[in-house]
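See structure below.
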Amino acid sequence: NAGVTQTPKFQVLKTGQSMTLQCAQDMNHEYMSWYRQDPGMGLRLIHYSVGAGITDQGEVPNGYNVSRSTTEDFPLRLLSAAPSQTSVYFCASSYSSLGEAFFGQGTRLTVV
Amino acid sequence: TQLLEQSPQFLSIQEGENLTVYCNSSSVFSSLQWYRQEPGEGPVLLVTVVTGGEVKKLKRLTFQFGDARKDSSLHITAAQPGDTGLYLCAGAGKTGANNLFFGTGTRLTVIP
């Protein structure tokens, strides 16, 4: 099983550029989330979704947009990249509110 | 923000020693999860604790959820080099496992 697949694995952007980080899961999970991981700060929730068509903001949503048109896909869009968005981004999915969160391998983003 | 603090931040021990990692918060969580993360990978779930005072054992790992559901501990008996990694605790927010508040992490190194 592929599980949670994130693309790309690495990306370098210039300040002001926009891009979309892709996340797809093949486990038919309703719940999906995006986190960023910075040194010394653990993972912080950016946006999450409890099902297709439903999204909500997490702890650090500014500068990011999401949509959930299908159960499988949950892309994260950076509208105008800033150096402060340099981070490792993880997508996760889970089958229930008490279920295990399955994480992708991450996207390492550098904004110069 | 529901802050989760982990201690110690770094831990380096000899193979065969025992250790305890702590996860503390001022907030009450409906459930708490422990993850382990390897370099270049996403976190992988070790355990979920739900009931205050709950103790779960996973081979040489013992997890405890505080009576008030604000804190947790992870105890490893007879540590092995394969236990090396980043250990993260995460409390479930209002919608559960897709809305996780992560601790700052404990980086464990077990020296052969």
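Ligands are numbered from 1 in the order shown, residues from 1 within each chain, and chains are lettered A, B, ... in the order they appear in the structure tokens.
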Task: Contact set, chain A to chain B: 8 Å, only C-alpha atoms, as a VMD selection string - done: chain A and resid 31 to 33 40 to 45 48 to 50 58 to 59 90 92 to 94 96 to 106
Would you output that residue set with C-alpha atoms, as a CSV table (one decimal), in the first residue's frame?
chain,number,residue,atom,x,y,z
A,31,TYR,CA,-9.5,13.0,8.1
A,32,MET,CA,-6.5,14.7,6.6
A,33,SER,CA,-4.1,17.4,7.9
A,40,GLY,CA,12.9,22.9,18.3
A,41,MET,CA,9.2,23.4,17.8
A,42,GLY,CA,7.8,20.0,17.1
A,43,LEU,CA,5.0,19.8,14.5
A,44,ARG,CA,2.4,22.6,14.2
A,45,LEU,CA,-1.0,22.2,12.5
A,48,TYR,CA,-7.1,20.1,8.5
A,49,SER,CA,-10.2,18.5,6.9
A,50,VAL,CA,-12.8,16.1,8.3
A,58,GLY,CA,-5.1,25.0,12.5
A,59,GLU,CA,-2.6,26.7,14.7
A,90,PHE,CA,4.0,16.8,6.6
A,92,ALA,CA,-1.3,13.1,7.6
A,93,SER,CA,-4.5,11.1,7.3
A,94,SER,CA,-6.5,9.2,9.9
A,96,SER,CA,-11.3,8.3,12.9
A,97,SER,CA,-11.0,10.9,15.6
A,98,LEU,CA,-9.2,8.4,17.9
A,99,GLY,CA,-7.4,6.6,15.1
A,100,GLU,CA,-3.7,6.5,14.2
A,101,ALA,CA,-2.5,9.4,12.1
A,102,PHE,CA,-0.5,8.2,9.1
A,103,PHE,CA,2.1,10.6,7.9
A,104,GLY,CA,3.7,11.1,4.5
A,105,GLN,CA,7.5,11.3,4.2
A,106,GLY,CA,7.5,15.1,4.1
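By only C-alpha atoms, and with residues fewer than 4 positions from Ile76 of chain B along its chain excluded, the set lying at most 6 Å from it is B:Asn18, B:Leu19, B:Arg60, B:Leu61.
Taking atom CA of Leu79 of chain A and atom CA of Asn65 of chain A as endpoints, the distance between them is 7.4 Å.
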Open item on the list: DSSP on the backbone, strand (DSSP E or B) only: what residues of chain A does that give? Format it as a ChimeraX atom specification.
Closed with: /A:4-7,10-13,19-25,31-37,43-51,54-57,64-66,73,76-78,87-94,102-103,107-111
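Closest approach to Leu74 of chain B among B:Val28, B:Val110, B:Leu58, B:Ile13: B:Leu58, based on only C-alpha atoms.
Relative to atom CA of Gly53 of chain B, atom CA of Ser25 of chain B is found at 15.4 Å.
As for atom CA of Gln25 of chain A and atom CA of Lys9 of chain A, they are spaced 15.7 Å apart.
Closest approach to Lys57 of chain B among B:Asp71, B:Phe29, B:Thr77, B:Ser12: B:Thr77, based on only C-alpha atoms.
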List the spatial neighbours of Val112 of chain A as a short mmCIF file (atom, residue, chain, number, x, y, z; two decimals) with C-alpha atoms, in the first residue's frame - criterion: any atom at most 9 Å away, only C-alpha atoms, same-chain residues fewer than 5 positions off excluded.
data_model
loop_
_atom_site.label_atom_id
_atom_site.label_comp_id
_atom_site.auth_asym_id
_atom_site.auth_seq_id
_atom_site.Cartn_x
_atom_site.Cartn_y
_atom_site.Cartn_z
CA VAL A 12 13.42 25.61 -3.46
CA LEU A 13 11.34 28.73 -4.07
CA LYS A 14 12.14 32.38 -4.46
CA THR A 15 10.38 34.86 -2.20
CA ALA A 81 6.30 32.28 -0.39
CA ALA A 82 8.29 33.93 2.39
CA PRO A 83 11.58 32.85 4.03
CA THR A 86 11.12 27.44 5.06
#
Task: Counting only C-alpha atoms, the option among A:Asp73, A:Ser18, A:Thr5, A:Gln11 closest to Arg108 of chain A - done: A:Gln11
